[in-house]
2 protein chains.
Amino acid sequence: MADLPDIGMLERSELFRGVSPDVLEEARRAAFRKKFLAGDVLIQQEDAATTLFTVVVGRLRATQTTSDGQQIIIRYLGPGEIAGYAILSGSDVHPGAVTAVDDSHVIGFPAAVIRGLMVRHSSIAINAVRLLGARYRDLQVRLRELATEKVDRRIAHTLLRLAQQAGRRTIRGIEIAFPLSRQDLAEMSGTTLHTVSRTLSGWEERGVVDSGRRRVVIAKPGDLAMIAGETA
Amino acid sequence: MADLPDIGMLERSELFRGVSPDVLEEARRAAFRKKFLAGDVLIQQEDAATTLFTVVVGRLRATQTTSDGQQIIIRYLGPGEIAGYAILSGSDVHPGAVTAVDDSHVIGFPAAVIRGLMVRHSSIAINAVRLLGARYRDLQVRLRELATEKVDRRIAHTLLRLAQQAGRRTIRGIEIAFPLSRQDLAEMSGTTLHTVSRTLSGWEERGVVDSGRRRVVIAKPGDLAMIAGETA
DNA sequence: CGGACTTTTGAAGTAATTCAAGGGGAGTGG
DNA sequence: CCACTCCCCTTGAATTACTTCAAAAGTCCG
């Protein structure tokens with residue numbers, strides 16, 4: 001099969017880290033590679049959970065949408081991270097949607113294969129526990145922020161987090177390495193695109209950030225951290 | 001040892017559900033029973049993660065507090081549920097605090113024992129994955145609510161969720177079966193105790209709820225679901 | 001019966017949304 | 001290459017839902 005992934009791709013996945021080569025080989029044989037273009041949908045909300053993906057290159061966005069169309073971004077996923085965690089936790093439908101925000105290259109695994117691997121190799125199940133624990137902790141922090149902090153702080157925190165997981169050092173500062181609109185930032189910070197726009201405009205004047213159409217560069221990360229309230 | 005728990009208590013824990021008797025016995029020997037009074041603290045935020053607890057009877061509250069004292073309630077834990085999940089996911093400190101809200105009876109396990117059991121018995125690791133997955137999904141929903149819905153809907157959702165996990169049918173309606181103040185509801189819904197008080201007063205007039213000092217009874221669950229926006 | 005919590009309610013203030021309109025870039029097709 | 005169109009972003013003005021401030025009234029417990 002031309003579309004079998006290679007071992008190196010697997011061992012860079014957070015689900016297979018530190019797993020023995022023969023188990024990796026077993027996973028590899030059931031896997032398939034797939035490309036998605038920016039904007040393509042990998043997983044639809046409420047769809048039957050049949051496949052788990054792990055990102056090789058690119059960037060995905062996990063969202064939750066209400067019946068009346070309101071949406072929030074749960075998280076962005078980069079290389080090594082997994083999409084479709086419902087497979088792991090035994091749910092039969094995906095609780096949210098996953099979309100590519102950049103041209104992306106992923107590896108897919110059938111649900112049954114992953115479940116079988118977890119049963120026979122506790123190291124994989126333990127990796128799953130770690131990764132879900134980390135995500136759970138992240139959401140706890142975001143929930144606290146959303147409940148207790150004002151918008152500008154929340155937006156600052158959002159940017160700092162994105163910089164951490166997808167920041168690229170440039171001459172001008174740290175650039176968020178994927179297209180990110182005001183609307184996207186709003187859906188991550190729990191506000192509207194208008195407020196995000198106004199807030200960024202203010203920071204722009206002070207030289208804290210340098211942003212444009214679906215593009216954000218953090219010029220002064222220290223100042224942004226101050227705004228976020230990280231004890232100076 | 002007088003304080004060894006019995007097998008029945010263990011198999012009712014979400015972490016040990018469906019696990020074989022000999023493994024249960026192994027876990028049992030390393031465990032200890034402990035009682036906490038309402039208000040007692042089981043886990044302090046930022047403490048070293050040394051122990052995992054599972055509730056036998058009573059009710060615990062998991063919270064997150066900011067450096068400036070702002071607090072939110074992550075969730076309430078009832079019989080069978082576990083506290084101190086950091087142990088599972090390999091973190092060395094607890095990201096939040098856990099307090100008893102009613103007199104409670106718990107079983108404690110040393111971190112190393114739990115980690116060892118997960119390595120040797122994938123069924124336990126898989127239970128951990130399921131439980132963390134379910135909690136993660138819960139938080140996703142709450143995050144979405146907090147970001148997109150108005151306070152009265154959020155409070156309604158909070159009450160319905162609490163009723164589901166700790167509701168007791170009475171003549172007057174569904175009673176939340178543990179002490180729950182306006183402040184507690186505020187910390188779960190992302191608002192202030194004043195707003196909760198006003199909102200409940202309004203509902204009280206319409207006969208939707210019947211509440212008092214640290215006590216809430218949902219008289220008309222259907223009406224509350226309507227307020228929460230669950231398509232009638 | 002005193003004292004500590006918890007709850008209620010009014011009034012003032014405000015942060016952020018909503019409403020509304022216009023302006024700029026990037027890409028497409030003629 | 002220029003024009004057209006689609007997004008995305010910006011900015012003002014009006015509105016509002018909610019918080020904050022303040023004070024008083026219950027309620028439980030020793």
# chains A, B, ... in the order shown; residues from 1 in each chain; ligands from 1
$ interface_residues --of "chain C" --to "chain A" --cutoff "9 Å" --atoms "only C-alpha atoms (C1' of nucleotides)" --output "PyMOL selection string"
chain C and resi 15-17+25
$ residues_around --residues "Leu162 (chain A)" --least-positions-apart "4" --cutoff "10 Å" --atoms "only C-alpha atoms (C1' of nucleotides)" --output "list in words"
Arg75, Tyr76, Ala156, His157, Thr158, Ala166, Gly167, Glu175, Ile176, Ala177, Phe178 and Leu185 of chain A
$ select_by_dssp --residues "region 70-134 of chain A" --states "alpha helix (DSSP H)" --output "ChimeraX atom specification"
/A:86-89,111-120,122-134
$ write_last_selection --atoms "C-alpha atoms" --output "mmCIF file, in the first residue's frame"
data_model
loop_
_atom_site.group_PDB
_atom_site.id
_atom_site.type_symbol
_atom_site.label_atom_id
_atom_site.label_comp_id
_atom_site.auth_asym_id
_atom_site.auth_seq_id
_atom_site.Cartn_x
_atom_site.Cartn_y
_atom_site.Cartn_z
ATOM 1 C CA ALA A 86 -13.926 10.115 21.460
ATOM 2 C CA ILE A 87 -12.501 6.848 20.078
ATOM 3 C CA LEU A 88 -10.243 6.573 23.108
ATOM 4 C CA SER A 89 -12.842 7.298 25.742
ATOM 5 C CA ALA A 111 -11.438 2.880 16.020
ATOM 6 C CA ALA A 112 -11.348 -0.869 16.581
ATOM 7 C CA VAL A 113 -7.610 -1.020 15.988
ATOM 8 C CA ILE A 114 -6.879 1.705 18.517
ATOM 9 C CA ARG A 115 -9.166 0.124 21.080
ATOM 10 C CA GLY A 116 -7.504 -3.238 20.575
ATOM 11 C CA LEU A 117 -4.052 -1.734 20.945
ATOM 12 C CA MET A 118 -5.038 -0.051 24.195
ATOM 13 C CA VAL A 119 -6.304 -3.307 25.634
ATOM 14 C CA ARG A 120 -3.177 -5.258 24.727
ATOM 15 C CA SER A 122 -1.136 -0.535 28.560
ATOM 16 C CA SER A 123 1.594 1.892 27.478
ATOM 17 C CA ILE A 124 -0.740 3.217 24.788
ATOM 18 C CA ALA A 125 -3.658 3.467 27.189
ATOM 19 C CA ILE A 126 -1.393 5.305 29.624
ATOM 20 C CA ASN A 127 -0.358 7.740 26.903
ATOM 21 C CA ALA A 128 -4.042 8.345 26.277
ATOM 22 C CA VAL A 129 -4.604 9.022 29.971
ATOM 23 C CA ARG A 130 -1.737 11.522 30.046
ATOM 24 C CA LEU A 131 -2.919 13.367 26.992
ATOM 25 C CA LEU A 132 -6.513 13.590 28.133
ATOM 26 C CA GLY A 133 -5.362 14.674 31.574
ATOM 27 C CA ALA A 134 -3.319 17.478 30.048
#
$ residues_around --residues "Ser13 (chain B)" --least-positions-apart "5" --cutoff "9 Å" --atoms "only C-alpha atoms (C1' of nucleotides)" --output "number ranges by chain"
B: 54-56, 79-82
$ write_last_selection --atoms "C-alpha atoms" --output "PDB file, in the first residue's frame"
ATOM      1  CA  THR B  54     -12.415   7.444  45.433  1.00  0.00           C
ATOM      2  CA  VAL B  55     -15.629   8.480  47.139  1.00  0.00           C
ATOM      3  CA  VAL B  56     -17.600   5.817  49.022  1.00  0.00           C
ATOM      4  CA  PRO B  79     -19.941   8.005  45.332  1.00  0.00           C
ATOM      5  CA  GLY B  80     -17.824   6.026  42.873  1.00  0.00           C
ATOM      6  CA  GLU B  81     -16.080   9.078  41.459  1.00  0.00           C
ATOM      7  CA  ILE B  82     -12.403   9.815  41.863  1.00  0.00           C
TER       8      ILE B  82
END
$ interface_residues --of "chain D" --to "chain B" --cutoff "8 Å" --atoms "only C-alpha atoms (C1' of nucleotides)" --output "PDB file with C-alpha atoms (C1' of nucleotides), in the first residue's frame"
ATOM      1  C1'  DC D  18     -24.520  42.165  34.565  1.00  0.00           C
ATOM      2  C1'  DT D  19     -21.498  43.659  38.198  1.00  0.00           C
ATOM      3  C1'  DT D  27     -31.558  31.778  59.514  1.00  0.00           C
TER       4       DT D  27
END
$ residues_around --residues "Lys220 (chain B)" --least-positions-apart "5" --cutoff "8 Å" --atoms "only C-alpha atoms (C1' of nucleotides)" --output "list in words"
Gly173, Gly207, Val208 and Val209 of chain B
$ write_last_selection --atoms "C-alpha atoms" --output "PDB file, in the first residue's frame"
ATOM      1  CA  GLY B 173     -39.667  18.120  43.160  1.00  0.00           C
ATOM      2  CA  GLY B 207     -42.912  28.237  41.246  1.00  0.00           C
ATOM      3  CA  VAL B 208     -40.086  26.768  39.175  1.00  0.00           C
ATOM      4  CA  VAL B 209     -37.798  26.265  42.151  1.00  0.00           C
TER       5      VAL B 209
END
$ closest_residue --among "A:Gln165, A:Ser189, A:Gln45, A:Ser104" --to "chain B" --atoms "only C-alpha atoms"
A:Ser189
$ residues_around --residues "region 50-53 of chain A" --least-positions-apart "5" --cutoff "7 Å" --atoms "only C-alpha atoms (C1' of nucleotides)" --output "ChimeraX atom specification"
/A:82-85,87,106-111
$ residues_around --residues "DC4 (chain D)" --least-positions-apart "5" --cutoff "12 Å" --atoms "only C-alpha atoms (C1' of nucleotides)" --output "compact mmCIF listing (two decimals) with N, CA and C atoms (P, O5', C5', C4', C3', O3' and C1' of nucleotides), in the first residue's frame"
# COMPACT_ATOMS: atom_id res chain seq x y z
P DG C 27 -3.65 35.85 -1.72
O5' DG C 27 -4.72 35.41 -2.82
C5' DG C 27 -5.95 34.81 -2.39
C4' DG C 27 -6.96 34.94 -3.49
C3' DG C 27 -6.54 34.31 -4.82
O3' DG C 27 -7.56 33.39 -5.21
C1' DG C 27 -7.37 36.50 -5.16
P DT C 28 -7.47 32.57 -6.53
O5' DT C 28 -8.51 33.32 -7.46
C5' DT C 28 -9.82 33.61 -6.97
C4' DT C 28 -10.69 34.09 -8.12
C3' DT C 28 -10.41 33.38 -9.46
O3' DT C 28 -11.64 33.15 -10.13
C1' DT C 28 -10.03 35.72 -9.68
P DG C 29 -11.71 32.20 -11.32
O5' DG C 29 -12.50 33.07 -12.39
C5' DG C 29 -13.24 34.22 -11.97
C4' DG C 29 -13.23 35.25 -13.09
C3' DG C 29 -13.05 34.68 -14.49
O3' DG C 29 -13.91 35.38 -15.38
C1' DG C 29 -11.40 36.31 -14.09
P DG C 30 -14.21 34.88 -16.77
O5' DG C 30 -14.12 36.19 -17.66
C5' DG C 30 -14.81 37.37 -17.26
C4' DG C 30 -14.04 38.59 -17.70
C3' DG C 30 -13.78 38.67 -19.21
O3' DG C 30 -14.29 39.89 -19.72
C1' DG C 30 -11.77 39.05 -18.01
$ residues_around --residues "DC9 (chain D)" --least-positions-apart "6" --cutoff "12 Å" --atoms "only C-alpha atoms (C1' of nucleotides)" --output "number ranges by chain"
A: 181-183, 193-198, 200-201, 211-215; C: 22-25
$ write_last_selection --atoms "C-alpha atoms (C1' of nucleotides)" --output "PDB file, in the first residue's frame"
ATOM      1  CA  SER A 181      -8.782  35.756  12.224  1.00  0.00           C
ATOM      2  CA  ARG A 182     -10.334  38.146  14.746  1.00  0.00           C
ATOM      3  CA  GLN A 183     -13.346  35.865  14.741  1.00  0.00           C
ATOM      4  CA  LEU A 193     -14.807  39.825  16.826  1.00  0.00           C
ATOM      5  CA  HIS A 194     -15.524  43.517  17.411  1.00  0.00           C
ATOM      6  CA  THR A 195     -14.058  43.501  20.871  1.00  0.00           C
ATOM      7  CA  VAL A 196     -11.031  41.552  19.662  1.00  0.00           C
ATOM      8  CA  SER A 197     -10.505  44.032  16.856  1.00  0.00           C
ATOM      9  CA  ARG A 198     -10.695  47.010  19.185  1.00  0.00           C
ATOM     10  CA  LEU A 200      -5.766  44.477  19.118  1.00  0.00           C
ATOM     11  CA  SER A 201      -5.946  47.973  17.655  1.00  0.00           C
ATOM     12  CA  SER A 211      -1.334  42.053  13.250  1.00  0.00           C
ATOM     13  CA  GLY A 212      -3.067  41.956   9.918  1.00  0.00           C
ATOM     14  CA  ARG A 213      -5.486  39.899   7.940  1.00  0.00           C
ATOM     15  CA  ARG A 214      -5.609  36.495   9.666  1.00  0.00           C
ATOM     16  CA  ARG A 215      -2.129  37.054  11.019  1.00  0.00           C
TER      17      ARG A 215
ATOM     18  C1'  DG C  22     -17.427  51.812   5.613  1.00  0.00           C
ATOM     19  C1'  DG C  23     -12.756  50.626   4.171  1.00  0.00           C
ATOM     20  C1'  DG C  24      -8.915  47.567   2.715  1.00  0.00           C
ATOM     21  C1'  DG C  25      -6.481  43.253   0.778  1.00  0.00           C
TER      22       DG C  25
END
$ closest_residue --among "A:Arg33, A:Arg161, A:His94, A:Arg153" --to "chain B" --atoms "only C-alpha atoms"
A:His94
